[in-house]
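For reference, protein_37.csv is printed below; it contains CSV, C-alpha atoms.
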```csv
chain,number,residue,atom,x,y,z
L,1,MET,CA,43.3,96.0,38.5
L,2,CYS,CA,44.1,92.5,37.1
L,3,GLU,CA,41.4,90.2,35.9
L,4,GLY,CA,41.5,88.2,39.1
L,5,GLY,CA,41.0,91.4,41.1
L,6,TYR,CA,38.0,92.3,39.0
L,7,ASN,CA,36.4,88.9,39.4
L,8,LEU,CA,36.9,89.0,43.2
L,9,TYR,CA,35.4,92.5,43.2
L,10,PHE,CA,32.3,91.6,41.3
L,11,PHE,CA,32.0,88.4,43.3
L,12,ASN,CA,31.9,90.4,46.5
L,13,ILE,CA,29.3,92.7,45.1
L,14,GLN,CA,27.1,89.7,44.2
L,15,GLN,CA,27.4,88.3,47.7
L,16,ASN,CA,26.4,91.7,49.2
L,17,LEU,CA,23.4,91.9,46.9
L,18,ILE,CA,22.3,88.4,47.9
L,19,MET,CA,22.6,89.3,51.6
L,20,GLU,CA,20.6,92.5,51.0
L,21,TYR,CA,17.8,90.4,49.5
L,22,LEU,CA,17.9,87.4,51.9
L,23,LEU,CA,18.2,89.2,55.3
L,24,PRO,CA,14.9,91.1,55.1
L,25,ILE,CA,13.1,87.9,54.0
L,26,HIS,CA,14.9,86.0,56.9
L,27,ILE,CA,13.7,88.6,59.5
L,28,LEU,CA,10.2,88.7,58.1
L,29,ALA,CA,10.0,84.9,58.2
L,30,GLY,CA,11.2,84.8,61.8
L,31,THR,CA,8.6,87.4,62.8
L,32,ILE,CA,5.8,85.4,61.2
L,33,ALA,CA,7.0,82.1,62.7
L,34,LEU,CA,7.2,83.7,66.2
L,35,LEU,CA,3.7,85.2,66.0
L,36,ALA,CA,2.3,82.0,64.5
L,37,ALA,CA,3.9,80.0,67.3
L,38,ALA,CA,2.2,82.2,69.9
L,39,PHE,CA,-1.2,81.7,68.3
L,40,ALA,CA,-0.6,77.9,68.1
L,41,ILE,CA,0.4,77.7,71.8
L,42,CYS,CA,-2.5,79.8,73.0
L,43,SER,CA,-5.2,78.2,70.8
L,44,GLU,CA,-7.2,75.1,71.5
L,45,LYS,CA,-5.3,72.0,70.2
L,46,GLY,CA,-6.9,70.4,67.1
L,47,LYS,CA,-9.0,73.4,66.2
L,48,LYS,CA,-8.8,75.2,62.9
L,49,ILE,CA,-6.9,78.2,64.3
L,50,HIS,CA,-4.3,75.9,65.9
L,51,ILE,CA,-3.8,74.0,62.7
L,52,THR,CA,-3.5,77.1,60.6
L,53,ALA,CA,-1.1,78.7,63.0
L,54,GLY,CA,1.0,75.6,63.1
L,55,ARG,CA,1.2,75.4,59.3
L,56,THR,CA,2.1,79.1,59.1
L,57,TYR,CA,4.8,78.5,61.8
L,58,TYR,CA,6.2,75.6,59.8
L,59,TRP,CA,6.5,77.4,56.5
L,60,GLY,CA,8.0,80.4,58.3
L,61,MET,CA,10.7,78.0,59.6
L,62,VAL,CA,11.2,76.6,56.1
L,63,CYS,CA,11.8,80.2,54.9
L,64,ILE,CA,14.2,80.8,57.8
L,65,PHE,CA,16.1,77.7,56.9
L,66,LEU,CA,16.3,78.4,53.2
L,67,THR,CA,17.6,81.9,53.8
L,68,ALA,CA,19.9,81.0,56.7
L,69,LEU,CA,21.9,78.4,54.7
L,70,PRO,CA,23.2,80.7,51.9
L,71,MET,CA,23.8,83.6,54.4
L,72,SER,CA,25.9,81.3,56.7
L,73,ILE,CA,27.8,80.1,53.7
L,74,ILE,CA,28.5,83.6,52.4
L,75,ASN,CA,29.6,84.8,55.9
L,76,LYS,CA,31.6,81.5,56.4
L,77,GLU,CA,29.7,80.9,59.7
L,78,ILE,CA,29.9,77.2,60.3
L,79,PHE,CA,28.2,77.8,63.7
L,80,LEU,CA,25.0,79.3,62.1
L,81,PHE,CA,25.1,76.7,59.3
L,82,LEU,CA,24.8,73.9,61.9
L,83,VAL,CA,22.2,75.8,64.0
L,84,ALA,CA,20.1,76.2,60.8
L,85,PHE,CA,19.9,72.5,60.3
L,86,PHE,CA,19.2,71.9,64.0
L,87,SER,CA,16.4,74.5,64.2
L,88,PHE,CA,14.7,73.4,61.0
L,89,TYR,CA,14.7,69.8,62.1
L,90,LEU,CA,12.6,70.7,65.2
L,91,ALA,CA,9.9,72.2,63.1
L,92,PHE,CA,10.1,69.5,60.5
L,93,ALA,CA,9.8,66.7,63.0
L,94,GLY,CA,7.1,68.5,64.9
L,95,ARG,CA,5.0,68.6,61.8
L,96,ARG,CA,5.7,65.0,60.8
L,97,PHE,CA,4.6,63.8,64.2
L,98,ALA,CA,1.4,65.8,63.8
L,99,GLN,CA,0.7,64.2,60.4
L,100,ASN,CA,2.0,60.7,60.8
L,101,ARG,CA,-0.7,58.9,63.0
L,102,LYS,CA,0.7,55.4,62.3
L,103,GLY,CA,4.1,56.2,63.7
L,104,LYS,CA,6.0,54.7,60.8
L,105,ALA,CA,9.0,56.6,59.6
L,106,SER,CA,9.6,57.4,55.9
L,107,ILE,CA,12.9,57.7,54.2
L,108,VAL,CA,12.7,61.5,54.6
L,109,ASP,CA,12.3,61.1,58.4
L,110,TRP,CA,15.4,58.9,58.6
L,111,ILE,CA,17.4,61.4,56.5
L,112,ALA,CA,16.3,64.2,58.7
L,113,LEU,CA,17.3,62.2,61.8
L,114,GLY,CA,20.7,61.6,60.3
L,115,LEU,CA,21.2,65.3,59.5
L,116,VAL,CA,20.2,66.5,63.0
L,117,ILE,CA,22.4,64.0,64.8
L,118,SER,CA,25.3,64.9,62.4
L,119,ALA,CA,24.7,68.6,63.1
L,120,GLY,CA,24.8,67.9,66.9
L,121,LEU,CA,28.1,66.0,66.5
L,122,GLY,CA,29.4,68.9,64.3
L,123,MET,CA,28.5,71.3,67.1
L,124,TRP,CA,30.5,69.4,69.6
L,125,VAL,CA,33.6,69.3,67.3
L,126,LEU,CA,33.3,73.0,66.7
L,127,ALA,CA,32.9,73.6,70.4
L,128,ILE,CA,36.3,72.0,71.0
L,129,PHE,CA,37.9,74.5,68.6
L,130,TYR,CA,36.0,77.4,70.1
L,131,TYR,CA,37.2,76.3,73.6
L,132,MET,CA,40.8,76.2,72.4
L,133,GLU,CA,40.3,79.8,71.0
L,134,ASN,CA,38.7,81.0,74.3
L,135,ASN,CA,35.5,81.7,72.4
L,136,SER,CA,32.7,81.5,75.0
L,137,HIS,CA,30.2,80.2,72.4
L,138,TYR,CA,31.6,76.8,73.0
L,139,ILE,CA,29.0,76.7,75.8
L,140,THR,CA,26.3,77.4,73.3
L,141,LEU,CA,27.6,74.7,70.9
L,142,THR,CA,28.0,72.1,73.6
L,143,THR,CA,24.4,72.7,74.9
L,144,PHE,CA,22.8,72.8,71.4
L,145,GLY,CA,24.8,69.8,70.4
L,146,PHE,CA,23.5,67.8,73.3
L,147,ILE,CA,19.9,68.8,72.6
L,148,ALA,CA,20.2,68.0,68.9
L,149,ILE,CA,21.7,64.5,69.6
L,150,ALA,CA,19.3,63.8,72.5
L,151,LEU,CA,16.2,64.8,70.5
L,152,GLY,CA,17.5,63.0,67.4
L,153,TYR,CA,18.2,59.8,69.4
L,154,THR,CA,14.8,59.8,71.2
L,155,ASP,CA,13.0,60.4,67.9
L,156,TYR,CA,15.0,57.6,66.4
L,157,LYS,CA,13.9,55.2,69.2
L,158,THR,CA,10.3,56.3,68.9
L,159,TYR,CA,10.3,55.6,65.1
L,160,LYS,CA,12.2,52.4,65.5
L,161,GLN,CA,9.8,51.0,68.0
L,162,GLN,CA,6.8,52.6,66.2
L,163,LYS,CA,5.6,54.2,69.4
L,164,ALA,CA,4.7,57.6,67.9
L,165,THR,CA,0.9,57.0,68.2
L,166,GLY,CA,-1.8,58.3,70.5
L,167,LYS,CA,-0.6,60.5,73.4
L,168,LYS,CA,3.1,59.7,72.6
L,169,ARG,CA,2.7,61.2,69.1
L,170,ILE,CA,1.1,64.4,70.5
L,171,ALA,CA,3.8,64.7,73.1
L,172,LYS,CA,6.5,64.3,70.4
L,173,HIS,CA,4.7,66.9,68.2
L,174,LEU,CA,4.6,69.5,71.0
L,175,THR,CA,8.1,68.8,72.1
L,176,ASN,CA,9.6,69.5,68.7
L,177,MET,CA,7.4,72.4,67.9
L,178,LEU,CA,8.1,74.1,71.2
L,179,ALA,CA,11.8,73.4,70.9
L,180,GLY,CA,11.6,75.1,67.4
L,181,THR,CA,9.9,78.0,69.0
L,182,ILE,CA,12.8,78.3,71.5
L,183,ALA,CA,15.1,78.5,68.5
L,184,VAL,CA,13.1,81.5,67.1
L,185,VAL,CA,13.0,83.2,70.4
L,186,THR,CA,16.7,82.7,70.8
L,187,ALA,CA,17.4,84.3,67.4
L,188,VAL,CA,15.3,87.3,68.4
L,189,LEU,CA,17.2,87.7,71.6
L,190,VAL,CA,20.6,87.3,70.0
L,191,VAL,CA,19.9,89.9,67.4
L,192,ASN,CA,18.3,92.5,69.8
L,193,VAL,CA,20.0,92.0,73.1
L,194,ASP,CA,23.7,92.8,73.7
L,195,THR,CA,24.9,91.4,76.9
L,196,GLU,CA,27.8,89.7,78.6
L,197,PRO,CA,28.5,86.9,78.6
L,198,GLN,CA,27.7,86.6,74.9
L,199,TRP,CA,26.5,83.1,75.2
L,200,LEU,CA,23.7,84.0,77.7
L,201,PRO,CA,21.0,85.1,75.1
L,202,TRP,CA,21.7,81.8,73.2
L,203,ILE,CA,21.0,79.7,76.3
L,204,LEU,CA,18.5,81.7,78.3
L,205,PRO,CA,15.3,80.7,76.3
L,206,THR,CA,16.3,77.0,76.6
L,207,ILE,CA,16.8,77.3,80.4
L,208,ILE,CA,13.4,79.0,80.8
L,209,LEU,CA,11.2,77.1,78.3
L,210,VAL,CA,12.5,73.5,78.6
L,211,PRO,CA,10.8,73.1,82.0
L,212,LEU,CA,7.6,74.1,80.2
L,213,ILE,CA,8.1,71.4,77.6
L,214,ILE,CA,8.7,68.8,80.3
L,215,TRP,CA,5.6,69.9,82.2
L,216,TRP,CA,3.5,69.8,79.0
L,217,ASN,CA,4.7,66.3,78.2
L,218,TRP,CA,3.8,65.2,81.7
L,219,LYS,CA,0.4,66.7,81.4
L,220,ILE,CA,-0.3,65.0,78.1
L,221,MET,CA,0.9,61.6,79.1
L,222,LYS,CA,-1.0,61.8,82.4
```
Go ahead and express the file in the form of structure tokens.
Amino acid sequence: MCEGGYNLYFFNIQQNLIMEYLLPIHILAGTIALLAAAFAICSEKGKKIHITAGRTYYWGMVCIFLTALPMSIINKEIFLFLVAFFSFYLAFAGRRFAQNRKGKASIVDWIALGLVISAGLGMWVLAIFYYMENNSHYITLTTFGFIAIALGYTDYKTYKQQKATGKKRIAKHLTNMLAGTIAVVTAVLVVNVDTEPQWLPWILPTIILVPLIIWWNWKIMK
């Protein structure tokens, strides 16, 4: 075997080892985030258990994001790479709206907004290629891309007009946190449910839970 062949062989071994370490951590973080989200949703808002569950959920999402990025790069999965940025933004923005009572965006908030909108546009571009290849996941990418851009744009307007205060701030917090929870539930379904069409597990949690987010927002603002 030539030197180039040896290098490629050991490179592949290293990648497999990285995947073996990252995948269990990724799954564990997803499980913790899902359980913490359930506690946060069911507990009384503003109480210690709700705050603790929310923090646990957020750091679970951080771990999911940090493990998803290298795994998507190793597997050359642009789709999952974009979804990782989209999912993490939801948790990040939800936490920021909970913390930032003055409604003024920091440089980190603007960077996060730029990344999620870019991820949404990237999903739309990738959806075109998937459509041309008859890959049904173009439906998933189109839907997620729309949500990423729509949420990013509404968050941008909220920060620009400095309206993320009072009830509006709480509504934005819940919207992003619940949307992040949808992302975790979606991941669980995709991994454990094998069905046709393949895009259905990716979209189903969004279809079911988005009306809940809309109702919750209406209740808060009322």
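The interatomic distance for the pair CA of Trp59 in chain L and CA of Ala40 in chain L works out to 13.6 Å.
Between CA of Gly103 in chain L and CA of Ile213 in chain L lies a distance of 21.0 Å.
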Students should find that CA of Met221 in chain L and CA of Gln161 in chain L are spaced 17.7 Å
Would you list the contacts of range 29-38 of chain L as a ChimeraX atom specification, taking every protein, DNA or RNA residue within 9 Å and counting all atoms listed in the file, but skipping same-chain residues closer than 2 positions in sequence?
/L:24-27,40-43,52-64,177-178,181,184-185,187-188
List the neighbours of range 86-96 of chain L out to 7 Å using only C-alpha atoms; skip same-chain residues closer than 6 positions along the sequence, and give me the result as a PyMOL selection string.
chain L and resi 58+61-62+65+112+116+119+148+172-174+176-177+179-180+183
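The nearest approach to Leu113 in chain L among the residues L:Lys76, L:Lys45, L:Lys160, L:His137, with only C-alpha atoms taken into account, belongs to L:Lys160.
Residue neighbourhood of Ile117 in chain L, excluding near-sequence residues (fewer than 4 positions): Leu82, Val83, Phe85, Phe86, Tyr89, Leu90, Trp110, Ile111, Ala112, Leu113, Leu121, Gly122, Met123, Trp124, Phe144, Gly145, Phe146, Ile147, Ala148, Ile149, Ala150, Leu151, Gly152, Tyr153, Thr154, Asp155 and Tyr156 of chain L, at 12 Å, using all atoms listed in the file.
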Could you take the residues named above and write them with C-alpha atoms, as a compact mmCIF listing (two decimals), keeping the file's coordinate frame?
```
# COMPACT_ATOMS: atom_id res chain seq x y z
CA LEU L 82 24.80 73.90 61.90
CA VAL L 83 22.20 75.80 64.00
CA PHE L 85 19.90 72.50 60.30
CA PHE L 86 19.20 71.90 64.00
CA TYR L 89 14.70 69.80 62.10
CA LEU L 90 12.60 70.70 65.20
CA TRP L 110 15.40 58.90 58.60
CA ILE L 111 17.40 61.40 56.50
CA ALA L 112 16.30 64.20 58.70
CA LEU L 113 17.30 62.20 61.80
CA LEU L 121 28.10 66.00 66.50
CA GLY L 122 29.40 68.90 64.30
CA MET L 123 28.50 71.30 67.10
CA TRP L 124 30.50 69.40 69.60
CA PHE L 144 22.80 72.80 71.40
CA GLY L 145 24.80 69.80 70.40
CA PHE L 146 23.50 67.80 73.30
CA ILE L 147 19.90 68.80 72.60
CA ALA L 148 20.20 68.00 68.90
CA ILE L 149 21.70 64.50 69.60
CA ALA L 150 19.30 63.80 72.50
CA LEU L 151 16.20 64.80 70.50
CA GLY L 152 17.50 63.00 67.40
CA TYR L 153 18.20 59.80 69.40
CA THR L 154 14.80 59.80 71.20
CA ASP L 155 13.00 60.40 67.90
CA TYR L 156 15.00 57.60 66.40
```
Skipping near chain neighbours, those fewer than 3 positions away, what residues fall within 12 Å of Leu189 in chain L using only C-alpha atoms, listed as number ranges by chain?
L: 30, 182-186, 192-195, 198-206
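Nearest residue to Gln99 in chain L, choosing from L:Asn217, L:Thr143, L:Thr175, L:Thr165 and counting all atoms listed in the file: L:Thr165.
When all atoms listed in the file are used to compute distances to Ala84 in chain L, the closest of the residues L:Asn135, L:Gln162, L:Thr142, L:Ser72 turns out to be L:Ser72.
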So which one's closest to Leu141 in chain L, L:Val190, L:Ala171, L:Leu80, L:Ala98? Using only C-alpha atoms, please.
L:Leu80
May I ask which of the residues L:Thr158, L:Phe79, L:Tyr131, L:Ile207 is the closest one to Asp109 in chain L, counting only C-alpha atoms?
L:Thr158
Using only C-alpha atoms, can you tell me which of L:Gly46, L:Val108, L:Leu126, L:Ile51 comes closest to Glu77 in chain L?
L:Leu126
